[in-house]
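Source file: data-v3.txt; contents: compact mmCIF, C-alpha atoms.
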```txt
# COMPACT_ATOMS: atom_id res chain seq x y z
CA MET A 1 0.00 0.00 0.00
CA ASN A 2 3.00 2.33 0.28
CA TYR A 3 2.76 3.17 -3.41
CA HIS A 4 -0.93 4.08 -3.07
CA PHE A 5 -0.21 6.34 -0.11
CA GLN A 6 2.59 7.98 -2.09
CA ALA A 7 0.15 8.54 -4.95
CA HIS A 8 -2.37 10.03 -2.51
CA ARG A 9 0.19 12.45 -1.11
CA GLN A 10 1.13 13.51 -4.66
CA VAL A 11 -2.41 14.18 -5.87
CA ARG A 12 -3.05 16.13 -2.66
CA LYS A 13 0.15 18.13 -3.27
CA ASN A 14 -1.09 18.90 -6.79
CA LEU A 15 -4.51 19.98 -5.48
CA LEU A 16 -2.85 22.15 -2.84
CA ASP A 17 -0.73 23.80 -5.54
CA ILE A 18 -3.85 24.76 -7.49
CA LEU A 19 -5.57 26.01 -4.33
CA GLN A 20 -2.60 28.17 -3.32
CA ASN A 21 -1.79 29.48 -6.80
CA THR A 22 -5.25 30.45 -8.01
CA SER A 23 -6.85 33.76 -7.07
CA HIS A 24 -9.75 33.63 -4.63
CA GLU A 25 -12.02 35.00 -7.34
CA ASP A 26 -11.00 32.31 -9.82
CA LEU A 27 -11.37 29.51 -7.25
CA LEU A 28 -15.06 30.40 -6.91
CA LEU A 29 -15.86 31.22 -10.54
CA ILE A 30 -17.92 28.60 -12.38
CA PRO A 31 -16.56 28.50 -15.93
CA ASP A 32 -18.88 28.18 -18.92
CA GLY A 33 -19.76 24.55 -19.51
CA PHE A 34 -19.20 23.47 -15.88
CA ASN A 35 -21.66 23.15 -12.98
CA ASN A 36 -19.12 23.66 -10.20
CA ASN A 37 -15.86 25.47 -9.55
CA ILE A 38 -12.23 24.74 -8.72
CA TYR A 39 -12.81 25.20 -5.01
CA TRP A 40 -15.76 22.76 -4.94
CA ASN A 41 -13.73 20.10 -6.77
CA ILE A 42 -10.92 20.33 -4.24
CA ALA A 43 -13.18 20.43 -1.16
CA HIS A 44 -15.20 17.55 -2.63
CA THR A 45 -12.11 15.33 -2.64
CA VAL A 46 -11.67 15.83 1.11
CA ALA A 47 -15.35 15.15 1.84
CA THR A 48 -15.46 12.04 -0.35
CA GLN A 49 -12.25 10.64 1.14
CA GLN A 50 -13.85 10.80 4.57
CA LEU A 51 -17.01 9.07 3.35
CA LEU A 52 -15.19 6.31 1.46
CA HIS A 53 -12.69 5.58 4.21
CA TYR A 54 -14.26 6.48 7.54
CA TYR A 55 -18.02 6.29 7.05
CA LEU A 56 -17.94 2.99 5.16
CA SER A 57 -15.66 1.48 7.80
CA GLY A 58 -18.02 2.52 10.60
CA ASN A 59 -15.67 5.13 12.03
CA THR A 60 -16.21 8.76 12.87
CA PHE A 61 -15.07 11.44 10.46
CA ARG A 62 -11.69 13.02 11.09
CA ILE A 63 -13.00 16.42 9.95
CA ASP A 64 -15.94 18.61 10.87
CA LYS A 65 -19.20 17.37 9.39
CA TYR A 66 -19.61 20.79 7.73
CA TRP A 67 -17.17 19.69 5.03
CA ILE A 68 -19.10 16.47 4.35
CA GLU A 69 -22.51 18.14 4.19
CA THR A 70 -21.31 21.07 2.08
CA TYR A 71 -19.09 19.25 -0.42
CA LYS A 72 -20.34 15.66 -0.74
CA LYS A 73 -21.63 14.30 -4.03
CA GLY A 74 -24.77 16.10 -5.18
CA THR A 75 -24.00 19.42 -3.49
CA LEU A 76 -23.75 22.74 -5.28
CA PRO A 77 -20.76 25.07 -5.04
CA ASN A 78 -20.73 27.60 -2.23
CA LEU A 79 -20.03 30.90 -3.97
CA ASN A 80 -19.46 32.78 -0.71
CA VAL A 81 -16.37 31.00 0.60
CA GLN A 82 -14.24 33.14 2.90
CA LYS A 83 -10.45 33.17 2.66
CA SER A 84 -10.27 31.55 6.10
CA GLU A 85 -12.13 28.52 4.75
CA VAL A 86 -9.63 28.25 1.89
CA GLU A 87 -6.86 28.21 4.49
CA ASP A 88 -8.72 25.49 6.41
CA LEU A 89 -8.98 23.42 3.23
CA GLU A 90 -5.23 23.84 2.62
CA PHE A 91 -4.64 22.34 6.08
CA LEU A 92 -7.15 19.51 5.55
CA LEU A 93 -5.61 18.45 2.24
CA THR A 94 -2.36 17.63 4.00
CA GLU A 95 -3.59 16.51 7.40
CA THR A 96 -6.31 14.10 6.25
CA SER A 97 -3.75 12.33 4.09
CA LYS A 98 -1.34 11.96 7.04
CA THR A 99 -4.17 10.83 9.32
CA LEU A 100 -5.34 8.23 6.82
CA MET A 101 -1.87 6.67 6.69
CA LYS A 102 -1.59 6.61 10.50
CA ASP A 103 -5.06 5.12 10.87
CA PHE A 104 -4.35 2.47 8.24
CA ASP A 105 -1.07 1.51 9.90
CA SER A 106 -2.82 1.14 13.26
CA ASP A 107 -5.52 -1.18 11.81
CA PHE A 108 -8.21 1.44 12.46
CA PHE A 109 -10.25 0.15 9.51
CA SER A 110 -11.07 -3.35 10.74
CA ASP A 111 -14.57 -3.41 9.23
CA TYR A 112 -15.69 -2.20 5.83
CA THR A 113 -19.18 -2.05 4.36
CA PRO A 114 -19.06 -3.01 0.66
CA TYR A 115 -20.11 -0.18 -1.63
CA THR A 116 -20.56 0.22 -5.37
CA THR A 117 -19.47 3.67 -6.55
CA SER A 118 -21.34 5.71 -9.16
CA PHE A 119 -18.27 5.06 -11.32
CA GLY A 120 -19.23 1.37 -11.26
CA MET A 121 -16.43 0.14 -8.99
CA ASP A 122 -17.14 -2.34 -6.19
CA LEU A 123 -15.29 -1.45 -3.00
CA LYS A 124 -15.00 -4.42 -0.67
CA SER A 125 -12.18 -3.32 1.64
CA ILE A 126 -10.33 -0.28 2.88
CA GLN A 127 -7.56 -1.14 0.42
CA ASP A 128 -10.06 -0.99 -2.46
CA ALA A 129 -11.36 2.33 -1.13
CA ILE A 130 -7.88 3.85 -0.90
CA ILE A 131 -7.03 2.82 -4.46
CA PHE A 132 -10.38 4.05 -5.81
CA ASN A 133 -10.11 7.31 -3.87
CA ASN A 134 -6.82 8.07 -5.61
CA MET A 135 -8.55 7.64 -8.95
CA HIS A 136 -11.45 9.82 -7.78
CA GLU A 137 -9.15 12.59 -6.54
CA SER A 138 -7.15 12.47 -9.78
CA LEU A 139 -10.38 12.88 -11.74
CA HIS A 140 -11.24 16.01 -9.77
CA TYR A 141 -7.68 17.30 -10.11
CA GLY A 142 -8.21 17.01 -13.87
CA TYR A 143 -11.49 18.92 -13.60
CA ALA A 144 -9.80 21.66 -11.57
CA MET A 145 -7.01 21.99 -14.16
CA ALA A 146 -9.57 22.15 -16.99
CA GLN A 147 -11.56 24.77 -15.12
CA LYS A 148 -8.46 26.85 -14.52
CA ARG A 149 -7.62 26.73 -18.24
CA ALA A 150 -11.22 27.64 -19.11
CA ILE A 151 -11.12 30.62 -16.75
CA LEU A 152 -7.83 31.83 -18.20
CA GLY A 153 -9.34 31.52 -21.69
CA GLU A 154 -12.49 33.42 -20.67
CA LYS A 155 -10.36 36.24 -19.24
CA GLY A 156 -8.22 36.37 -22.37
CA ARG A 157 -5.02 35.61 -20.46
```
Can you dump the structure from the file as C-alpha cells?
Amino acid sequence: MNYHFQAHRQVRKNLLDILQNTSHEDLLLIPDGFNNNIYWNIAHTVATQQLLHYYLSGNTFRIDKYWIETYKKGTLPNLNVQKSEVEDLEFLLTETSKTLMKDFDSDFFSDYTPYTTSFGMDLKSIQDAIIFNNMHESLHYGYAMAQKRAILGEKGR
C-alpha cells in the first residue's frame, strides 16, 4: 500500500498547488460549460475521502461534518467562501492524508461495508477504497485543471 499512499500524497500536493496558486475570485468562478468550480472540486475530494474511508468502515469522520454536508456528491458550489475557509482546506488536504496513513497503519479500519461507486467500482475493503479514492481525486484534479484553463481563456489571459 506504500505506493498508493505515495500517490495520494502527490495528488493532494497537486490539489494544494492549485488552491494556493489560483486567485480567490478564480477559485469560486464557475466557468462556462461546468456546474461547479475549482474550489468545490478540491473540497469535494476531502469530503469524499472521509465518506469512502471512515463512514464505510463505521468510524467517525476526522473532519468537521460541515465539510461532508457542504461538499459531498450532489451538493452545489458555495459561492461565498471566505479566505479563512480556503486556508482550512489547505490544512485539511495535507492533514487528512497523514491521518489516513496513521489510521491504516494502526488497523483502524477493521470493518468495511461493501459499496458500489457511481463510477461502477465495487469497493470491498479499505484497500479498495484507498485505491479508488486516488482515482477519484485524480479525476477532480483534472477537472480543476480544466476549469483553470477555461477561466484563463475566458479572461483572455
Out of A:Gln6, A:Pro31, A:Asp128, A:Tyr39, which residue has the shortest atom-to-atom distance to Gly153 in chain A when counting only C-alpha atoms?
->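 Looking only at the distances to Gly153 in chain A, the closest residue turns out to be A:Pro31.
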Test item: residues at most 9 Å from His44 in chain A, only C-alpha atoms, excluding those fewer than 4 positions along its chain, as JSON, numbers by chain = {"A": [39, 40, 48, 49, 67, 68, 70, 71, 72, 73, 137, 140]}
Using all atoms listed in the file, determine which residues lie at most 10 Å from Leu27 in chain A, disregarding the query and same-chain residues fewer than 5 positions distant; provide the list as number ranges by chain.
-> A: 18-22, 37-42, 79, 81, 86, 144, 147-148, 151
Would you save the residues of that selection, restricted to C-alpha atoms, as a PDB file, in the frame of the given file?
```
ATOM      1  CA  ILE A  18      -3.850  24.760  -7.490  1.00  0.00           C
ATOM      2  CA  LEU A  19      -5.570  26.010  -4.330  1.00  0.00           C
ATOM      3  CA  GLN A  20      -2.600  28.170  -3.320  1.00  0.00           C
ATOM      4  CA  ASN A  21      -1.790  29.480  -6.800  1.00  0.00           C
ATOM      5  CA  THR A  22      -5.250  30.450  -8.010  1.00  0.00           C
ATOM      6  CA  ASN A  37     -15.860  25.470  -9.550  1.00  0.00           C
ATOM      7  CA  ILE A  38     -12.230  24.740  -8.720  1.00  0.00           C
ATOM      8  CA  TYR A  39     -12.810  25.200  -5.010  1.00  0.00           C
ATOM      9  CA  TRP A  40     -15.760  22.760  -4.940  1.00  0.00           C
ATOM     10  CA  ASN A  41     -13.730  20.100  -6.770  1.00  0.00           C
ATOM     11  CA  ILE A  42     -10.920  20.330  -4.240  1.00  0.00           C
ATOM     12  CA  LEU A  79     -20.030  30.900  -3.970  1.00  0.00           C
ATOM     13  CA  VAL A  81     -16.370  31.000   0.600  1.00  0.00           C
ATOM     14  CA  VAL A  86      -9.630  28.250   1.890  1.00  0.00           C
ATOM     15  CA  ALA A 144      -9.800  21.660 -11.570  1.00  0.00           C
ATOM     16  CA  GLN A 147     -11.560  24.770 -15.120  1.00  0.00           C
ATOM     17  CA  LYS A 148      -8.460  26.850 -14.520  1.00  0.00           C
ATOM     18  CA  ILE A 151     -11.120  30.620 -16.750  1.00  0.00           C
TER      19      ILE A 151
END
```
Can you find the residues with an atom no farther than 12 Å from (-18.9, 5.4, -9.1), counting all atoms listed in the file, and report them as a list of chain:residue names?
->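 In the file's frame, the residues around the point are A:Thr48, A:Leu52, A:Lys73, A:Tyr115, A:Thr116, A:Thr117, A:Ser118, A:Phe119, A:Gly120, A:Met121, A:Asp122, A:Leu123, A:Ala129, A:Phe132, A:Asn133, A:Met135, A:His136, A:Leu139.
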For Thr96 in chain A, which residue among A:Tyr3, A:Ala146, A:Arg9, A:Asn134 is the nearest when counting all atoms listed in the file?
-> A:Arg9
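Atom pair CA of Met101 in chain A / CA of Tyr66 in chain A: separated by 22.7 Å.
Nearest-residue note for Gly58 in chain A: choosing from A:Ala43, A:Leu93, A:Leu29, A:Ile126, the minimum distance belongs to A:Ile126, counting only C-alpha atoms.
Minimum atom-to-atom distance to Lys13 in chain A, evaluated using all atoms listed in the file, belongs to A:Leu92 out of A:Ala47, A:Leu92, A:Ile131, A:Leu76.
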Assuming 3 Å of padding per side, give the centre and edge lengths of the axis-aligned box around every listed atom of range 124-134 of chain A, in Å to one decimal and as JSON.
```
{"center_x": -10.9, "center_y": 1.8, "center_z": -1.5, "size_x": 14.2, "size_y": 18.5, "size_z": 14.7}
```
Range 59-63 of chain A: which residues within 10 Å, counting all atoms listed in the file, same-chain residues fewer than 5 positions away excluded, as a PyMOL selection string?
-> chain A and resi 46-47+49-51+53-54+68+92+95-96+99-100+108-112
Of the candidates A:Thr113, A:Ser23, A:Ser125, A:Ser97, which shows the shortest atom-to-atom distance to Ala7 in chain A, using all atoms listed in the file?
->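 For Ala7 in chain A, the nearest of the candidates is A:Ser97.
In this comparison, which uses only C-alpha atoms, the residue of A:Gln82, A:Ser57, A:Phe91, A:Phe5 approaching Leu28 in chain A most closely is A:Gln82.
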Just how far from CA of Leu15 in chain A is CA of Gly33 in chain A, in Å to one decimal?
->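 Those two atoms sit 21.2 Å apart.
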